[in-house]
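The data block below is data-v3.pdb; it holds PDB, C-alpha atoms.
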```
MODEL        1
ATOM      1  CA  ILE A   7     -46.724 -41.713  84.301
ATOM      2  CA  ASN A   8     -50.167 -42.919  83.383
ATOM      3  CA  GLN A   9     -51.270 -45.106  86.236
ATOM      4  CA  THR A  10     -54.637 -46.742  86.676
ATOM      5  CA  ARG A  11     -56.401 -49.353  88.699
ATOM      6  CA  SER A  12     -60.068 -50.122  88.476
ATOM      7  CA  GLY A  13     -61.863 -48.688  91.474
ATOM      8  CA  MET A  14     -58.829 -47.392  93.384
ATOM      9  CA  ASP A  15     -56.486 -44.433  93.757
ATOM     10  CA  GLN A  16     -54.544 -43.812  90.555
ATOM     11  CA  ASN A  17     -51.329 -43.082  92.463
ATOM     12  CA  THR A  18     -50.983 -46.555  93.945
ATOM     13  CA  LEU A  19     -48.523 -47.926  91.363
ATOM     14  CA  LYS A  20     -45.262 -45.985  91.041
ATOM     15  CA  ILE A  21     -42.620 -46.830  88.427
ATOM     16  CA  VAL A  22     -39.239 -45.065  88.598
ATOM     17  CA  PRO A  23     -37.325 -43.953  86.658
ATOM     18  CA  ASN A  24     -39.652 -43.408  83.757
ATOM     19  CA  PRO A  25     -38.403 -43.272  81.058
ATOM     20  CA  ALA A  26     -35.889 -45.973  81.967
ATOM     21  CA  THR A  27     -32.759 -47.545  80.502
ATOM     22  CA  GLU A  28     -31.155 -50.214  82.735
ATOM     23  CA  GLU A  29     -33.757 -51.030  85.409
ATOM     24  CA  ILE A  30     -36.939 -49.844  87.060
ATOM     25  CA  LYS A  31     -38.266 -49.917  90.588
ATOM     26  CA  VAL A  32     -41.944 -50.722  90.905
ATOM     27  CA  GLU A  33     -43.442 -49.706  94.225
ATOM     28  CA  VAL A  34     -46.173 -52.246  94.840
ATOM     29  CA  PRO A  35     -49.020 -52.538  97.333
ATOM     30  CA  GLU A  36     -49.058 -55.161 100.085
ATOM     31  CA  ASN A  37     -50.117 -58.680  99.112
ATOM     32  CA  THR A  38     -48.872 -58.360  95.535
ATOM     33  CA  SER A  39     -48.785 -61.841  94.023
ATOM     34  CA  SER A  40     -47.186 -61.121  90.646
ATOM     35  CA  ILE A  41     -45.829 -58.489  88.289
ATOM     36  CA  GLN A  42     -46.048 -58.741  84.501
ATOM     37  CA  VAL A  43     -44.715 -56.421  81.822
ATOM     38  CA  TYR A  44     -46.106 -56.313  78.275
ATOM     39  CA  ASN A  45     -44.727 -54.585  75.183
ATOM     40  CA  SER A  46     -46.854 -52.421  72.880
ATOM     41  CA  SER A  47     -47.868 -55.546  70.912
ATOM     42  CA  GLY A  48     -49.273 -57.161  74.055
ATOM     43  CA  GLN A  49     -46.496 -59.753  74.312
ATOM     44  CA  GLY A  50     -45.245 -60.592  77.795
ATOM     45  CA  VAL A  51     -41.605 -59.547  78.231
ATOM     46  CA  PHE A  52     -41.258 -60.068  81.980
ATOM     47  CA  SER A  53     -43.052 -62.016  84.691
ATOM     48  CA  LEU A  54     -42.285 -62.253  88.397
ATOM     49  CA  LYS A  55     -44.073 -64.190  91.107
ATOM     50  CA  VAL A  56     -43.641 -62.125  94.266
ATOM     51  CA  SER A  57     -42.506 -64.338  97.124
ATOM     52  CA  ASP A  58     -42.398 -61.717  99.906
ATOM     53  CA  GLN A  59     -45.870 -60.201  99.878
ATOM     54  CA  ASN A  60     -44.888 -57.650 102.522
ATOM     55  CA  LYS A  61     -42.163 -56.193 100.311
ATOM     56  CA  HIS A  62     -43.095 -52.812  98.888
ATOM     57  CA  ASP A  63     -40.837 -52.528  95.849
ATOM     58  CA  GLU A  64     -39.329 -54.728  93.168
ATOM     59  CA  ILE A  65     -36.350 -54.004  90.939
ATOM     60  CA  ILE A  66     -36.852 -55.142  87.343
ATOM     61  CA  PRO A  67     -33.919 -55.239  84.884
ATOM     62  CA  THR A  68     -34.747 -53.561  81.575
ATOM     63  CA  ALA A  69     -31.330 -53.353  79.866
ATOM     64  CA  SER A  70     -32.193 -56.060  77.302
ATOM     65  CA  TRP A  71     -35.566 -54.564  76.336
ATOM     66  CA  PRO A  72     -35.818 -52.606  73.088
ATOM     67  CA  THR A  73     -36.791 -48.945  73.037
ATOM     68  CA  GLY A  74     -40.542 -48.586  73.258
ATOM     69  CA  ASN A  75     -43.618 -48.360  75.433
ATOM     70  CA  TYR A  76     -44.622 -51.023  77.926
ATOM     71  CA  VAL A  77     -47.411 -51.742  80.397
ATOM     72  CA  VAL A  78     -46.523 -52.907  83.900
ATOM     73  CA  GLN A  79     -49.279 -54.914  85.595
ATOM     74  CA  VAL A  80     -49.346 -55.768  89.293
ATOM     75  CA  VAL A  81     -51.752 -58.473  90.497
ATOM     76  CA  THR A  82     -53.157 -58.455  94.036
ATOM     77  CA  PRO A  83     -56.073 -60.295  95.657
ATOM     78  CA  THR A  84     -58.146 -57.099  95.469
ATOM     79  CA  GLY A  85     -57.472 -56.278  91.808
ATOM     80  CA  ASN A  86     -54.933 -55.437  89.144
ATOM     81  CA  TYR A  87     -52.887 -52.250  88.975
ATOM     82  CA  SER A  88     -51.250 -51.034  85.779
ATOM     83  CA  GLY A  89     -48.878 -48.293  84.729
ATOM     84  CA  SER A  90     -47.150 -47.255  81.538
ATOM     85  CA  LEU A  91     -43.392 -47.342  81.075
ATOM     86  CA  SER A  92     -41.070 -46.016  78.374
ATOM     87  CA  ILE A  93     -37.689 -47.550  77.612
ATOM     88  CA  VAL A  94     -35.160 -45.280  75.896
ATOM     89  CA  ARG A  95     -31.697 -46.009  74.521
TER
ENDMDL
END
```
Could you express the structure from this file as structure tokens?
Amino acid sequence: INQTRSGMDQNTLKIVPNPATEEIKVEVPENTSSIQVYNSSGQGVFSLKVSDQNKHDEIIPTASWPTGNYVVQVVTPTGNYSGSLSIVR
């Protein structure tokens, strides 16, 4: 998993399983406000406003997404985290 966040530990964002088929679990830091997923063309394919900012993981359904590479972005008050994701069929 290629995971990055400007100015912070690269291991903060965890996406499992990866590669994925039906769903993924994104382990997010506290105070996460939203999660977005973009396909390799930069188009948004998923967006979630996180209501429980103390929750540490979110399940995202991926069964309807085509095979390919995606970027998962997590937005917090202190910055954005991102990680790569592969969907396989």
Q: Spell out the residues picked by the PyMOL selection byres ((chain A and resi 61) around 12) here, as a PyMOL selection string.
A: chain A and resi 32-40+56-60+62-65
Q. When you draw a straight line from CA of Ser70 in chain A to CA of Asn24 in chain A, how long is it in Å?
A.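 If I compute the distance from CA of Ser70 in chain A to CA of Asn24 in chain A, I get 16.0 Å.
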Q.
Rounded to one decimal, what separation in Å do you get between CA of Thr82 in chain A and CA of Ile41 in chain A?
A.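 Separation between CA of Thr82 in chain A and CA of Ile41 in chain A: 9.3 Å.
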Q. Can you list what the PyMOL selection byres ((chain A and resi 76) around 6) grabs from this structure, as a ChimeraX atom specification?
A. /A:44-46,75,77,90-91
Q. What is the distance, in Å and to one decimal place, between CA of Lys55 in chain A and CA of Gly74 in chain A?
A.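 It comes out at 24.0 Å.
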Q.
Calculated over all atoms listed in the file, which of the candidates A:Ala26, A:Trp71, A:Gly89, A:Ile66 has the smallest distance to Val51 in chain A?
A.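 Looking at the shortest contact to Val51 in chain A, the residue is A:Trp71.
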Q | Residues within 10 Å of Pro23 in chain A, only C-alpha atoms, excluding chain neighbours under 4 positions, as a count of residues only | A | 10
**Q.** Given the PyMOL selection byres ((chain A and resi 52) around 6), the residues it picks as a ChimeraX atom specification
**A.** /A:42-43,50-51,53
Would you output that residue set with C-alpha atoms, as an mmCIF file, keeping the file's coordinate frame?
```cif
data_model
loop_
_atom_site.group_PDB
_atom_site.id
_atom_site.type_symbol
_atom_site.label_atom_id
_atom_site.label_comp_id
_atom_site.auth_asym_id
_atom_site.auth_seq_id
_atom_site.Cartn_x
_atom_site.Cartn_y
_atom_site.Cartn_z
ATOM 1 C CA GLN A 42 -46.048 -58.741 84.501
ATOM 2 C CA VAL A 43 -44.715 -56.421 81.822
ATOM 3 C CA GLY A 50 -45.245 -60.592 77.795
ATOM 4 C CA VAL A 51 -41.605 -59.547 78.231
ATOM 5 C CA SER A 53 -43.052 -62.016 84.691
#
```
Q. A:Val81, A:Ala69, A:Leu19, A:Val94: which is nearest Leu54 in chain A, counting only C-alpha atoms?
A.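 Of the candidates, the smallest distance to Leu54 in chain A is held by A:Val81.
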(Q) For a quick check of understanding, using all atoms listed in the file, which of A:Pro25, A:Gln49, A:Thr73, A:Lys20 has the smallest distance to Arg95 in chain A? (A) A:Thr73
Provide range 52-69 of chain A rebuilt to N, CA, C and O atoms, formatted as a compact mmCIF listing (two decimals), in the coordinates of the input.
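Resulting contents of result.txt:
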```txt
# COMPACT_ATOMS: atom_id res chain seq x y z
N PHE A 52 -41.78 -59.83 80.64
CA PHE A 52 -41.26 -60.07 81.98
C PHE A 52 -42.39 -60.55 82.87
O PHE A 52 -43.51 -60.07 82.78
N SER A 53 -42.07 -61.52 83.73
CA SER A 53 -43.05 -62.02 84.69
C SER A 53 -42.32 -62.37 85.98
O SER A 53 -41.26 -62.98 85.94
N LEU A 54 -42.89 -61.98 87.10
CA LEU A 54 -42.28 -62.25 88.40
C LEU A 54 -43.37 -62.65 89.38
O LEU A 54 -44.36 -61.93 89.56
N LYS A 55 -43.19 -63.80 90.01
CA LYS A 55 -44.07 -64.19 91.11
C LYS A 55 -43.44 -63.63 92.38
O LYS A 55 -42.30 -63.94 92.69
N VAL A 56 -44.17 -62.80 93.08
CA VAL A 56 -43.64 -62.12 94.27
C VAL A 56 -43.71 -63.08 95.45
O VAL A 56 -44.80 -63.52 95.83
N SER A 57 -42.55 -63.39 96.02
CA SER A 57 -42.51 -64.34 97.12
C SER A 57 -42.73 -63.67 98.48
O SER A 57 -43.32 -64.24 99.37
N ASP A 58 -42.23 -62.45 98.65
CA ASP A 58 -42.40 -61.72 99.91
C ASP A 58 -43.52 -60.71 99.71
O ASP A 58 -43.30 -59.62 99.19
N GLN A 59 -44.72 -61.06 100.13
CA GLN A 59 -45.87 -60.20 99.88
C GLN A 59 -45.91 -58.98 100.77
O GLN A 59 -46.78 -58.13 100.61
N ASN A 60 -44.97 -58.85 101.70
CA ASN A 60 -44.89 -57.65 102.52
C ASN A 60 -43.88 -56.66 101.97
O ASN A 60 -43.74 -55.56 102.48
N LYS A 61 -43.14 -57.06 100.94
CA LYS A 61 -42.16 -56.19 100.31
C LYS A 61 -42.90 -55.12 99.52
O LYS A 61 -43.92 -55.39 98.90
N HIS A 62 -42.37 -53.91 99.52
CA HIS A 62 -43.10 -52.81 98.89
C HIS A 62 -42.47 -52.31 97.60
O HIS A 62 -42.97 -51.36 97.01
N ASP A 63 -41.37 -52.91 97.15
CA ASP A 63 -40.84 -52.53 95.85
C ASP A 63 -40.07 -53.70 95.24
O ASP A 63 -39.58 -54.56 95.95
N GLU A 64 -40.04 -53.70 93.93
CA GLU A 64 -39.33 -54.73 93.17
C GLU A 64 -38.48 -54.03 92.13
O GLU A 64 -38.93 -53.08 91.48
N ILE A 65 -37.25 -54.51 91.97
CA ILE A 65 -36.35 -54.00 90.94
C ILE A 65 -36.45 -54.94 89.73
O ILE A 65 -36.32 -56.15 89.87
N ILE A 66 -36.70 -54.36 88.57
CA ILE A 66 -36.85 -55.14 87.34
C ILE A 66 -35.79 -54.69 86.35
O ILE A 66 -35.73 -53.50 86.01
N PRO A 67 -34.94 -55.61 85.88
CA PRO A 67 -33.92 -55.24 84.88
C PRO A 67 -34.56 -55.00 83.52
O PRO A 67 -35.40 -55.79 83.07
N THR A 68 -34.17 -53.91 82.88
CA THR A 68 -34.75 -53.56 81.58
C THR A 68 -33.69 -53.37 80.49
O THR A 68 -34.03 -53.00 79.37
N ALA A 69 -32.43 -53.64 80.80
CA ALA A 69 -31.33 -53.35 79.87
C ALA A 69 -31.47 -54.10 78.54
O ALA A 69 -31.03 -53.60 77.50
```
